[in-house]
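Undergrad: Next comes input39.cif, mmCIF, C-alpha atoms and all ligand atoms:
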data_structure
loop_
_atom_site.group_PDB
_atom_site.id
_atom_site.type_symbol
_atom_site.label_atom_id
_atom_site.label_comp_id
_atom_site.auth_asym_id
_atom_site.auth_seq_id
_atom_site.Cartn_x
_atom_site.Cartn_y
_atom_site.Cartn_z
ATOM 1 C CA MET Y 1 71.357 107.929 107.620
ATOM 2 C CA THR Y 2 71.041 104.260 106.602
ATOM 3 C CA SER Y 3 72.844 101.398 108.340
ATOM 4 C CA THR Y 4 75.369 101.182 105.487
ATOM 5 C CA GLU Y 5 76.152 104.882 106.012
ATOM 6 C CA SER Y 6 76.736 104.532 109.756
ATOM 7 C CA ALA Y 7 78.993 107.315 111.045
ATOM 8 C CA GLU Y 8 80.348 104.976 113.714
ATOM 9 C CA HIS Y 9 83.072 102.742 112.430
ATOM 10 C CA PRO Y 10 86.404 101.467 113.803
ATOM 11 C CA ALA Y 11 88.198 102.845 110.728
ATOM 12 C CA ILE Y 12 86.883 106.324 111.490
ATOM 13 C CA ASP Y 13 87.847 105.972 115.156
ATOM 14 C CA LEU Y 14 91.360 104.979 114.062
ATOM 15 C CA MET Y 15 91.678 108.027 111.807
ATOM 16 C CA ARG Y 16 90.379 110.363 114.498
ATOM 17 C CA ALA Y 17 92.822 108.933 117.053
ATOM 18 C CA HIS Y 18 95.824 109.944 114.923
ATOM 19 C CA ARG Y 19 98.667 111.856 116.506
ATOM 20 C CA SER Y 20 102.250 112.083 115.334
ATOM 21 C CA ILE Y 21 104.653 109.947 117.361
ATOM 22 C CA ARG Y 22 108.175 111.247 117.795
ATOM 23 C CA THR Y 23 109.689 108.815 120.294
ATOM 24 C CA PHE Y 24 109.777 105.077 119.808
ATOM 25 C CA THR Y 25 110.778 101.945 121.698
ATOM 26 C CA ASP Y 26 113.588 99.800 120.302
ATOM 27 C CA GLU Y 27 111.143 97.127 119.170
ATOM 28 C CA PRO Y 28 111.722 96.381 115.480
ATOM 29 C CA VAL Y 29 108.940 96.684 112.912
ATOM 30 C CA SER Y 30 108.419 93.302 111.268
ATOM 31 C CA PRO Y 31 108.907 92.868 107.513
ATOM 32 C CA GLU Y 32 105.313 91.550 107.403
ATOM 33 C CA ALA Y 33 104.020 94.793 108.928
ATOM 34 C CA ILE Y 34 105.988 96.833 106.391
ATOM 35 C CA GLU Y 35 104.710 94.758 103.491
ATOM 36 C CA ALA Y 36 101.114 94.954 104.695
ATOM 37 C CA ALA Y 37 101.341 98.733 105.137
ATOM 38 C CA VAL Y 38 102.913 99.276 101.723
ATOM 39 C CA ARG Y 39 100.207 97.178 100.083
ATOM 40 C CA ALA Y 40 97.603 99.284 101.898
ATOM 41 C CA GLY Y 41 99.410 102.395 100.643
ATOM 42 C CA GLN Y 42 99.252 101.062 97.108
ATOM 43 C CA ALA Y 43 95.514 100.558 97.435
ATOM 44 C CA ALA Y 44 94.997 104.340 97.650
ATOM 45 C CA ALA Y 45 93.336 106.001 94.689
ATOM 46 C CA THR Y 46 95.845 107.095 92.059
ATOM 47 C CA SER Y 47 95.326 109.525 89.224
ATOM 48 C CA SER Y 48 94.431 107.460 86.084
ATOM 49 C CA SER Y 49 96.280 104.579 87.760
ATOM 50 C CA VAL Y 50 99.628 106.301 87.162
ATOM 51 C CA GLN Y 51 100.929 105.163 90.599
ATOM 52 C CA ALA Y 52 103.417 108.003 90.502
ATOM 53 C CA TYR Y 53 105.300 107.258 93.713
ATOM 54 C CA CYS Y 54 107.864 105.025 95.309
ATOM 55 C CA CYS Y 55 108.941 104.448 98.870
ATOM 56 C CA ILE Y 56 112.580 104.021 99.862
ATOM 57 C CA ARG Y 57 113.271 102.167 103.098
ATOM 58 C CA VAL Y 58 116.441 103.627 104.570
ATOM 59 C CA SER Y 59 118.296 101.217 106.815
ATOM 60 C CA ASN Y 60 121.924 102.223 106.222
ATOM 61 C CA PRO Y 61 122.886 103.916 109.550
ATOM 62 C CA ALA Y 62 125.224 106.407 107.845
ATOM 63 C CA HIS Y 63 122.422 107.456 105.485
ATOM 64 C CA ARG Y 64 120.035 107.751 108.425
ATOM 65 C CA ASP Y 65 122.475 109.981 110.304
ATOM 66 C CA LYS Y 66 122.940 112.183 107.262
ATOM 67 C CA LEU Y 67 119.198 112.477 106.619
ATOM 68 C CA ALA Y 68 118.599 113.254 110.319
ATOM 69 C CA GLU Y 69 121.097 116.099 110.060
ATOM 70 C CA LEU Y 70 119.609 117.441 106.810
ATOM 71 C CA ALA Y 71 116.083 117.335 108.255
ATOM 72 C CA GLY Y 72 116.801 119.778 111.016
ATOM 73 C CA PRO Y 73 118.555 118.045 112.700
ATOM 74 C CA GLN Y 74 115.815 115.666 113.804
ATOM 75 C CA GLU Y 75 117.309 112.816 115.817
ATOM 76 C CA LYS Y 76 114.228 110.623 115.378
ATOM 77 C CA VAL Y 77 115.147 110.189 111.706
ATOM 78 C CA ALA Y 78 118.369 108.468 112.800
ATOM 79 C CA ILE Y 79 116.931 106.372 115.624
ATOM 80 C CA ALA Y 80 113.348 105.464 114.668
ATOM 81 C CA PRO Y 81 113.070 101.692 114.098
ATOM 82 C CA GLU Y 82 112.128 102.358 110.474
ATOM 83 C CA PHE Y 83 112.502 105.338 108.188
ATOM 84 C CA PHE Y 84 111.073 105.713 104.706
ATOM 85 C CA VAL Y 85 111.503 108.404 102.089
ATOM 86 C CA ILE Y 86 108.318 108.800 100.067
ATOM 87 C CA CYS Y 87 108.979 110.076 96.565
ATOM 88 C CA GLY Y 88 106.983 111.238 93.609
ATOM 89 C CA ASP Y 89 108.113 109.032 90.733
ATOM 90 C CA ALA Y 90 107.956 110.147 87.129
ATOM 91 C CA ARG Y 91 110.997 108.092 86.127
ATOM 92 C CA ARG Y 92 108.959 104.927 85.680
ATOM 93 C CA HIS Y 93 106.639 106.935 83.392
ATOM 94 C CA ARG Y 94 109.509 108.105 81.213
ATOM 95 C CA ILE Y 95 110.711 104.522 80.880
ATOM 96 C CA ALA Y 96 107.166 103.269 80.148
ATOM 97 C CA CYS Y 97 106.664 105.952 77.480
ATOM 98 C CA GLU Y 98 109.981 105.045 75.837
ATOM 99 C CA MET Y 99 109.210 101.313 75.990
ATOM 100 C CA ALA Y 100 105.948 102.058 74.197
ATOM 101 C CA GLY Y 101 107.781 104.061 71.520
ATOM 102 C CA GLY Y 102 106.614 107.442 72.847
ATOM 103 C CA ALA Y 103 108.171 110.225 74.893
ATOM 104 C CA TYR Y 104 107.272 111.531 78.341
ATOM 105 C CA ASP Y 105 106.091 115.121 77.991
ATOM 106 C CA GLN Y 106 104.577 116.564 81.150
ATOM 107 C CA LYS Y 107 104.638 119.985 82.695
ATOM 108 C CA LEU Y 108 103.426 121.077 86.152
ATOM 109 C CA GLU Y 109 100.545 118.610 86.041
ATOM 110 C CA GLY Y 110 103.001 115.673 85.894
ATOM 111 C CA PHE Y 111 104.810 116.932 88.997
ATOM 112 C CA MET Y 112 101.565 117.655 90.835
ATOM 113 C CA ILE Y 113 100.232 114.197 90.073
ATOM 114 C CA SER Y 114 103.374 112.625 91.491
ATOM 115 C CA VAL Y 115 103.172 114.673 94.704
ATOM 116 C CA ILE Y 116 99.432 114.062 95.121
ATOM 117 C CA ASP Y 117 99.828 110.332 94.469
ATOM 118 C CA ALA Y 118 102.767 110.124 96.890
ATOM 119 C CA ALA Y 119 100.715 111.842 99.609
ATOM 120 C CA LEU Y 120 97.716 109.561 99.117
ATOM 121 C CA PHE Y 121 99.979 106.489 99.227
ATOM 122 C CA ALA Y 122 101.700 107.799 102.350
ATOM 123 C CA GLN Y 123 98.520 108.537 104.253
ATOM 124 C CA ASN Y 124 97.207 105.013 103.603
ATOM 125 C CA LEU Y 125 100.606 103.717 104.729
ATOM 126 C CA VAL Y 126 100.333 105.751 107.934
ATOM 127 C CA LEU Y 127 96.815 104.505 108.661
ATOM 128 C CA ALA Y 128 97.874 100.906 108.088
ATOM 129 C CA PHE Y 129 100.807 101.259 110.494
ATOM 130 C CA GLU Y 130 98.527 102.916 113.034
ATOM 131 C CA ALA Y 131 95.992 100.110 112.630
ATOM 132 C CA MET Y 132 98.800 97.718 113.631
ATOM 133 C CA GLY Y 133 99.468 99.764 116.789
ATOM 134 C CA LEU Y 134 102.544 101.496 115.404
ATOM 135 C CA GLY Y 135 103.266 105.215 115.481
ATOM 136 C CA THR Y 136 104.467 107.446 112.655
ATOM 137 C CA CYS Y 137 105.796 110.918 112.035
ATOM 138 C CA TYR Y 138 106.026 112.554 108.633
ATOM 139 C CA ILE Y 139 109.327 114.363 108.057
ATOM 140 C CA GLY Y 140 108.882 117.340 105.760
ATOM 141 C CA GLY Y 141 112.215 118.562 107.132
ATOM 142 C CA LEU Y 142 113.875 116.503 104.384
ATOM 143 C CA ARG Y 143 112.927 119.306 102.007
ATOM 144 C CA ASN Y 144 115.307 121.642 103.894
ATOM 145 C CA ASP Y 145 117.976 120.351 101.556
ATOM 146 C CA VAL Y 146 116.298 117.982 99.163
ATOM 147 C CA GLY Y 147 119.279 118.120 96.788
ATOM 148 C CA ARG Y 148 121.474 116.481 99.438
ATOM 149 C CA VAL Y 149 118.737 113.940 100.183
ATOM 150 C CA ILE Y 150 118.760 113.019 96.480
ATOM 151 C CA GLU Y 151 122.555 112.676 96.646
ATOM 152 C CA VAL Y 152 122.558 110.558 99.819
ATOM 153 C CA LEU Y 153 120.005 108.154 98.354
ATOM 154 C CA GLY Y 154 121.498 108.283 94.850
ATOM 155 C CA LEU Y 155 118.097 109.009 93.326
ATOM 156 C CA PRO Y 156 117.929 109.184 89.531
ATOM 157 C CA SER Y 157 116.278 111.983 87.565
ATOM 158 C CA GLY Y 158 112.465 111.913 87.767
ATOM 159 C CA VAL Y 159 112.349 110.727 91.395
ATOM 160 C CA TYR Y 160 111.387 113.534 93.783
ATOM 161 C CA PRO Y 161 111.592 113.076 97.581
ATOM 162 C CA VAL Y 162 108.421 114.584 99.069
ATOM 163 C CA PHE Y 163 108.796 113.715 102.759
ATOM 164 C CA GLY Y 164 110.123 111.082 105.103
ATOM 165 C CA LEU Y 165 108.248 108.885 107.535
ATOM 166 C CA CYS Y 166 109.462 107.571 110.904
ATOM 167 C CA VAL Y 167 107.748 104.382 112.058
ATOM 168 C CA GLY Y 168 107.959 102.378 115.258
ATOM 169 C CA THR Y 169 106.249 101.320 118.448
ATOM 170 C CA PRO Y 170 105.184 104.475 120.314
ATOM 171 C CA ALA Y 171 107.114 105.357 123.470
ATOM 172 C CA GLU Y 172 104.847 108.326 124.187
ATOM 173 C CA SER Y 173 101.154 109.076 124.189
ATOM 174 C CA PRO Y 174 100.654 112.715 123.225
ATOM 175 C CA THR Y 175 97.251 114.364 123.446
ATOM 176 C CA LEU Y 176 95.396 114.844 120.188
ATOM 177 C CA ARG Y 177 96.187 118.125 118.469
ATOM 178 C CA PRO Y 178 92.901 119.941 117.897
ATOM 179 C CA ARG Y 179 91.727 120.582 114.356
ATOM 180 C CA PHE Y 180 89.449 123.366 113.148
ATOM 181 C CA PRO Y 181 85.791 122.874 113.976
ATOM 182 C CA LEU Y 182 83.804 121.231 111.193
ATOM 183 C CA GLU Y 183 82.173 124.477 110.049
ATOM 184 C CA SER Y 184 85.614 125.954 109.327
ATOM 185 C CA VAL Y 185 86.316 123.228 106.804
ATOM 186 C CA LEU Y 186 82.999 122.027 105.427
ATOM 187 C CA PHE Y 187 81.353 124.881 103.515
ATOM 188 C CA ASP Y 188 77.910 124.580 102.053
ATOM 189 C CA GLY Y 189 78.083 125.638 98.413
ATOM 190 C CA ALA Y 190 80.273 128.713 98.753
ATOM 191 C CA TYR Y 191 83.388 129.976 100.478
ATOM 192 C CA PRO Y 192 82.461 132.207 103.436
ATOM 193 C CA ASP Y 193 83.274 135.918 103.542
ATOM 194 C CA ASP Y 194 86.466 137.067 105.241
ATOM 195 C CA SER Y 195 84.678 138.299 108.379
ATOM 196 C CA THR Y 196 83.345 134.779 108.979
ATOM 197 C CA ILE Y 197 86.809 133.295 108.503
ATOM 198 C CA GLU Y 198 88.223 135.899 110.894
ATOM 199 C CA ALA Y 199 85.651 135.104 113.596
ATOM 200 C CA GLN Y 200 86.348 131.380 113.206
ATOM 201 C CA LEU Y 201 90.092 131.998 113.488
ATOM 202 C CA LYS Y 202 89.653 133.998 116.697
ATOM 203 C CA ALA Y 203 87.659 131.163 118.244
ATOM 204 C CA TYR Y 204 90.231 128.604 117.098
ATOM 205 C CA ASP Y 205 93.091 130.698 118.499
ATOM 206 C CA THR Y 206 91.403 130.526 121.907
ATOM 207 C CA SER Y 207 90.900 126.753 121.823
ATOM 208 C CA TYR Y 208 94.419 126.155 120.471
ATOM 209 C CA ARG Y 209 95.876 128.218 123.332
ATOM 210 C CA GLU Y 210 93.969 125.996 125.767
ATOM 211 C CA TYR Y 211 95.412 122.898 124.079
ATOM 212 C CA LEU Y 212 98.944 124.296 124.397
ATOM 213 C CA ARG Y 213 98.351 125.111 128.070
ATOM 214 C CA GLN Y 214 97.135 121.576 128.752
ATOM 215 C CA ARG Y 215 100.120 120.148 126.900
ATOM 216 C CA GLY Y 216 102.454 122.165 129.138
ATOM 217 C CA ALA Y 217 103.864 124.191 126.245
ATOM 218 C CA PRO Y 218 106.264 127.050 127.106
ATOM 219 C CA GLU Y 219 104.517 130.235 128.303
ATOM 220 C CA GLN Y 220 105.582 132.102 125.155
ATOM 221 C CA ALA Y 221 103.749 129.597 122.933
ATOM 222 C CA VAL Y 222 100.683 129.562 125.175
ATOM 223 C CA ASN Y 223 100.477 133.360 125.027
ATOM 224 C CA GLY Y 224 100.656 133.318 121.270
ATOM 225 C CA SER Y 225 98.015 132.030 118.890
ATOM 226 C CA TRP Y 226 97.611 129.675 115.977
ATOM 227 C CA SER Y 227 97.232 132.701 113.686
ATOM 228 C CA GLY Y 228 100.412 134.182 115.149
ATOM 229 C CA ALA Y 229 102.256 130.916 114.547
ATOM 230 C CA MET Y 230 101.027 130.962 110.932
ATOM 231 C CA ALA Y 231 102.188 134.568 110.556
ATOM 232 C CA SER Y 232 105.711 133.664 111.606
ATOM 233 C CA LYS Y 233 105.784 130.453 109.581
ATOM 234 C CA LEU Y 234 104.170 131.774 106.417
ATOM 235 C CA GLY Y 235 105.485 135.323 106.547
ATOM 236 C CA ARG Y 236 108.767 134.377 104.926
ATOM 237 C CA VAL Y 237 109.529 132.265 101.883
ATOM 238 C CA ALA Y 238 110.201 128.693 102.948
ATOM 239 C CA ARG Y 239 112.846 126.587 101.244
ATOM 240 C CA PRO Y 240 113.439 128.982 98.336
ATOM 241 C CA ALA Y 241 115.850 126.563 96.630
ATOM 242 C CA LEU Y 242 113.218 123.846 96.258
ATOM 243 C CA ALA Y 243 111.974 124.663 92.757
ATOM 244 C CA GLY Y 244 115.535 124.733 91.409
ATOM 245 C CA VAL Y 245 116.355 121.355 92.942
ATOM 246 C CA TYR Y 246 113.187 119.692 91.673
ATOM 247 C CA ARG Y 247 113.798 121.189 88.207
ATOM 248 C CA ALA Y 248 117.334 119.834 88.227
ATOM 249 C CA GLN Y 249 115.838 116.462 89.152
ATOM 250 C CA GLY Y 250 113.697 116.539 86.010
ATOM 251 C CA ALA Y 251 110.480 118.221 87.135
ATOM 252 C CA VAL Y 252 108.843 120.833 84.935
ATOM 253 C CA LEU Y 253 107.120 123.251 87.283
ATOM 254 C CA ASP Y 254 105.342 125.632 84.909
HETATM 255 C C1 LIG N 301 103.933 116.672 105.146
HETATM 256 C C2 LIG N 301 104.215 116.724 106.623
HETATM 257 C C3 LIG N 301 105.479 117.019 107.063
HETATM 258 C C4 LIG N 301 105.769 117.001 108.435
HETATM 259 N N1 LIG N 301 107.055 117.212 108.835
HETATM 260 C C5 LIG N 301 107.379 117.057 110.146
HETATM 261 C C6 LIG N 301 108.743 117.131 110.555
HETATM 262 O O1 LIG N 301 109.669 117.354 109.760
HETATM 263 N N2 LIG N 301 109.007 116.921 111.861
HETATM 264 C C7 LIG N 301 108.035 116.661 112.789
HETATM 265 O O2 LIG N 301 108.354 116.468 113.966
HETATM 266 N N3 LIG N 301 106.723 116.596 112.414
HETATM 267 C C8 LIG N 301 106.376 116.778 111.125
HETATM 268 N N4 LIG N 301 105.077 116.654 110.716
HETATM 269 C C9 LIG N 301 104.036 116.367 111.698
HETATM 270 C C10 LIG N 301 103.150 117.589 111.957
HETATM 271 O O3 LIG N 301 103.848 118.506 112.745
HETATM 272 C C11 LIG N 301 101.857 117.107 112.647
HETATM 273 O O4 LIG N 301 101.172 116.234 111.779
HETATM 274 C C12 LIG N 301 100.949 118.284 112.998
HETATM 275 O O5 LIG N 301 101.548 119.120 113.963
HETATM 276 C C13 LIG N 301 99.619 117.788 113.560
HETATM 277 O O6 LIG N 301 99.841 116.983 114.695
HETATM 278 P P1 LIG N 301 99.359 115.470 114.761
HETATM 279 O O7 LIG N 301 99.899 114.732 113.568
HETATM 280 O O8 LIG N 301 99.912 114.932 116.047
HETATM 281 O O9 LIG N 301 97.871 115.499 114.757
HETATM 282 C C14 LIG N 301 104.756 116.723 109.373
HETATM 283 C C15 LIG N 301 103.455 116.442 108.908
HETATM 284 C C16 LIG N 301 103.191 116.439 107.561
HETATM 285 C C17 LIG N 301 101.803 116.099 107.087
#
For the structure just supplied, provide its representation as structure tokens.
TA:
Amino acid sequence: MTSTESAEHPAIDLMRAHRSIRTFTDEPVSPEAIEAAVRAGQAAATSSSVQAYCCIRVSNPAHRDKLAELAGPQEKVAIAPEFFVICGDARRHRIACEMAGGAYDQKLEGFMISVIDAALFAQNLVLAFEAMGLGTCYIGGLRNDVGRVIEVLGLPSGVYPVFGLCVGTPAESPTLRPRFPLESVLFDGAYPDDSTIEAQLKAYDTSYREYLRQRGAPEQAVNGSWSGAMASKLGRVARPALAGVYRAQGAVLD
């Protein structure tokens, strides 16, 4: 490894120190911090420079309350110092195509690009906030009823809420949630056979249980496993109405 490839770097330390923050102090987030984070978000790579996202800052308390209810309820959506809804944005593309005398004609790829771009923007945004000492929590719960989210925010066709983001000064310091070991993610040339995956999962279940025990999780959770949690989460169709709502909002999903 050369000096320019050093594996030790404050940016890497920052990324590896990430944990979601769900309780915040009342301290406001400055407009300068928001601007700096959004600019950092915009610096993320974007497919062919399409920049297929937008970010809606929600400060209307009634809208916050409604979104908090739709997301779960999740009270933090109502009371976090800042809350953003990150959206895939194909509307700007439609307008650009029309301005240039063409017509927007995208299928699933157009929707995927907008979701991928929105996620890349959001993760840069998160890292920038974290670099400023702030805490964040993504809110996928908005997709419980994304149609109502669209209504609350009055979003036009072509703008697809992907998730929300709570931001503020942390009022808690949770332990890091363990990730898979490196060898479960970084494969050399080929995907391993199922027996290897199974052995890795068994080992991860054991270490995840230990994490839950240390975190003081309820006995029921500690006695379970990560695989068990996946079985209950992924064993039933989640948010079955989603495709219909995104289609109604202008997305072509096939
Ligand atoms: C797209 C996405 C949606 C999420 N939605 C929620 C949510 O609705 N509520 C919540 O409390 N946490 C949510 N999270 C946070 C995850 O639960 C958290 O990232 C995960 O458990 C790992 O923990 P860590 O971020 O502390 O490392 C979401 C995370 C992502 C990436």
Undergrad: Show me which residues sit within 9 Å of ligand LIG 301 (chain N) when counting only C-alpha atoms and all ligand atoms, and put them as a PDB file with C-alpha atoms, keeping the file's coordinate frame.
TA:
ATOM      1  CA  ALA Y  17      92.822 108.933 117.053  1.00  0.00           C
ATOM      2  CA  HIS Y  18      95.824 109.944 114.923  1.00  0.00           C
ATOM      3  CA  ARG Y  19      98.667 111.856 116.506  1.00  0.00           C
ATOM      4  CA  SER Y  20     102.250 112.083 115.334  1.00  0.00           C
ATOM      5  CA  ILE Y  21     104.653 109.947 117.361  1.00  0.00           C
ATOM      6  CA  ARG Y  22     108.175 111.247 117.795  1.00  0.00           C
ATOM      7  CA  ALA Y  71     116.083 117.335 108.255  1.00  0.00           C
ATOM      8  CA  GLY Y  72     116.801 119.778 111.016  1.00  0.00           C
ATOM      9  CA  GLN Y  74     115.815 115.666 113.804  1.00  0.00           C
ATOM     10  CA  LYS Y  76     114.228 110.623 115.378  1.00  0.00           C
ATOM     11  CA  ALA Y 119     100.715 111.842  99.609  1.00  0.00           C
ATOM     12  CA  GLN Y 123      98.520 108.537 104.253  1.00  0.00           C
ATOM     13  CA  THR Y 136     104.467 107.446 112.655  1.00  0.00           C
ATOM     14  CA  CYS Y 137     105.796 110.918 112.035  1.00  0.00           C
ATOM     15  CA  TYR Y 138     106.026 112.554 108.633  1.00  0.00           C
ATOM     16  CA  ILE Y 139     109.327 114.363 108.057  1.00  0.00           C
ATOM     17  CA  GLY Y 140     108.882 117.340 105.760  1.00  0.00           C
ATOM     18  CA  GLY Y 141     112.215 118.562 107.132  1.00  0.00           C
ATOM     19  CA  LEU Y 142     113.875 116.503 104.384  1.00  0.00           C
ATOM     20  CA  ARG Y 143     112.927 119.306 102.007  1.00  0.00           C
ATOM     21  CA  VAL Y 162     108.421 114.584  99.069  1.00  0.00           C
ATOM     22  CA  PHE Y 163     108.796 113.715 102.759  1.00  0.00           C
ATOM     23  CA  GLY Y 164     110.123 111.082 105.103  1.00  0.00           C
ATOM     24  CA  LEU Y 165     108.248 108.885 107.535  1.00  0.00           C
ATOM     25  CA  PRO Y 174     100.654 112.715 123.225  1.00  0.00           C
ATOM     26  CA  THR Y 175      97.251 114.364 123.446  1.00  0.00           C
ATOM     27  CA  LEU Y 176      95.396 114.844 120.188  1.00  0.00           C
ATOM     28  CA  ARG Y 177      96.187 118.125 118.469  1.00  0.00           C
ATOM     29  CA  PRO Y 178      92.901 119.941 117.897  1.00  0.00           C
ATOM     30  CA  ARG Y 179      91.727 120.582 114.356  1.00  0.00           C
TER      31      ARG Y 179
END
Undergrad: Looking at all atoms listed in the file, which of Y:Ala43, Y:Ala203, Y:Ala241, Y:Cys97 is the one that sits closest to Gly147 (chain Y)?
TA: Y:Ala241
Undergrad: Starting from the shown file, work through the PyMOL selection byres (((chain Y and resi 107-113) around 8) and not hetatm) and note down what comes out as a PyMOL selection string.
TA: chain Y and resi 47+52+88+90+105-106+114-117+251-254
Undergrad: CA of Leu134 (chain Y) and CA of Ala44 (chain Y) are how many Å apart?
TA: 19.5 Å
Undergrad: For His63 (chain Y), please output as an MDAnalysis selection string all residues within 8 Å (counting only C-alpha atoms; exclusion window: fewer than 5 positions along the same chain).
TA: chainID Y and resid 58 152:153
Undergrad: Please determine, counting all atoms listed in the file, which residue among Y:Glu8, Y:Gln249, Y:Gly189, Y:Glu82 has the shortest atom-to-atom distance to Glu151 (chain Y).
TA: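 So, comparing all the options, the nearest one is Y:Gln249.
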Undergrad: To one decimal place in Å, what is the distance between CA of Cys166 (chain Y) and CA of Gln42 (chain Y)?
TA: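 Separation of CA of Cys166 (chain Y) and CA of Gln42 (chain Y): 18.4 Å.
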Undergrad: Counting all atoms listed in the file, figure out which residue out of Y:Tyr211, Y:Phe24, Y:Phe121, Y:Tyr160 gets nearest to Ala243 (chain Y).
TA: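 For Ala243 (chain Y), the nearest of the candidates is Y:Tyr160.
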Undergrad: Report the distance between CA of Val29 (chain Y) and CA of Glu172 (chain Y) in Å, rounded to one decimal place.
TA: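 Between CA of Val29 (chain Y) and CA of Glu172 (chain Y) the gap is 16.7 Å.
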Undergrad: My list of candidates is Y:Glu27, Y:Asp89, Y:Asp13, Y:Glu75. Which is closest to Gly158 (chain Y) when distances are computed with only C-alpha atoms?
TA: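 Closest residue, counting only C-alpha atoms: Y:Asp89.
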Undergrad: Every residue with an atom at most 8 Å from (83.4, 126.4, 117.8) (file coordinates; all atoms listed in the file) is what I'm after, so could you write them as a PyMOL selection string?
TA: chain Y and resi 181+200+203-204
Undergrad: I'd like the contact shell of Thr196 (chain Y) - 12 Å cut-off, all atoms listed in the file, skipping same-chain residues fewer than 5 positions apart - returned as an NGL selection string.
TA: :Y and (183-184 or 187 or 191 or 201-203)
Undergrad: Measuring atom to atom with all atoms listed in the file, identify which of Y:Ala40, Y:Gly154, Y:Leu14, Y:Ala248 is nearest to Ala131 (chain Y).
TA: Y:Leu14
Undergrad: Working from the structure I just supplied, which lacks atoms in region 153-167 of chain Y, can you model N, CA and C atoms there and output them as a short mmCIF file (atom, residue, chain, number, x, y, z; two decimals), keeping the file's coordinate frame?
TA:
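The resulting file, out14.cif, is shown below:
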data_model
loop_
_atom_site.label_atom_id
_atom_site.label_comp_id
_atom_site.auth_asym_id
_atom_site.auth_seq_id
_atom_site.Cartn_x
_atom_site.Cartn_y
_atom_site.Cartn_z
N LEU Y 153 120.72 109.37 98.78
CA LEU Y 153 120.00 108.15 98.35
C LEU Y 153 120.34 107.75 96.92
N GLY Y 154 121.11 108.59 96.23
CA GLY Y 154 121.50 108.28 94.85
C GLY Y 154 120.29 108.19 93.93
N LEU Y 155 119.34 109.11 94.09
CA LEU Y 155 118.10 109.01 93.33
C LEU Y 155 118.29 109.49 91.89
N PRO Y 156 117.79 108.75 90.92
CA PRO Y 156 117.93 109.18 89.53
C PRO Y 156 116.92 110.28 89.18
N SER Y 157 117.16 110.93 88.05
CA SER Y 157 116.28 111.98 87.56
C SER Y 157 114.83 111.47 87.47
N GLY Y 158 113.88 112.30 87.85
CA GLY Y 158 112.46 111.91 87.77
C GLY Y 158 111.92 111.37 89.08
N VAL Y 159 112.80 111.21 90.08
CA VAL Y 159 112.35 110.73 91.40
C VAL Y 159 112.52 111.88 92.39
N TYR Y 160 111.39 112.32 92.97
CA TYR Y 160 111.39 113.53 93.78
C TYR Y 160 111.02 113.22 95.23
N PRO Y 161 111.96 113.28 96.18
CA PRO Y 161 111.59 113.08 97.58
C PRO Y 161 110.55 114.12 98.00
N VAL Y 162 109.48 113.65 98.63
CA VAL Y 162 108.42 114.58 99.07
C VAL Y 162 108.50 114.76 100.58
N PHE Y 163 108.59 113.67 101.30
CA PHE Y 163 108.80 113.72 102.76
C PHE Y 163 109.29 112.36 103.23
N GLY Y 164 109.73 112.34 104.49
CA GLY Y 164 110.12 111.08 105.10
C GLY Y 164 109.03 110.62 106.04
N LEU Y 165 109.21 109.41 106.57
CA LEU Y 165 108.25 108.88 107.54
C LEU Y 165 108.99 108.00 108.54
N CYS Y 166 108.93 108.40 109.82
CA CYS Y 166 109.46 107.57 110.90
C CYS Y 166 108.36 106.62 111.33
N VAL Y 167 108.74 105.39 111.63
CA VAL Y 167 107.75 104.38 112.06
C VAL Y 167 108.34 103.56 113.20
#
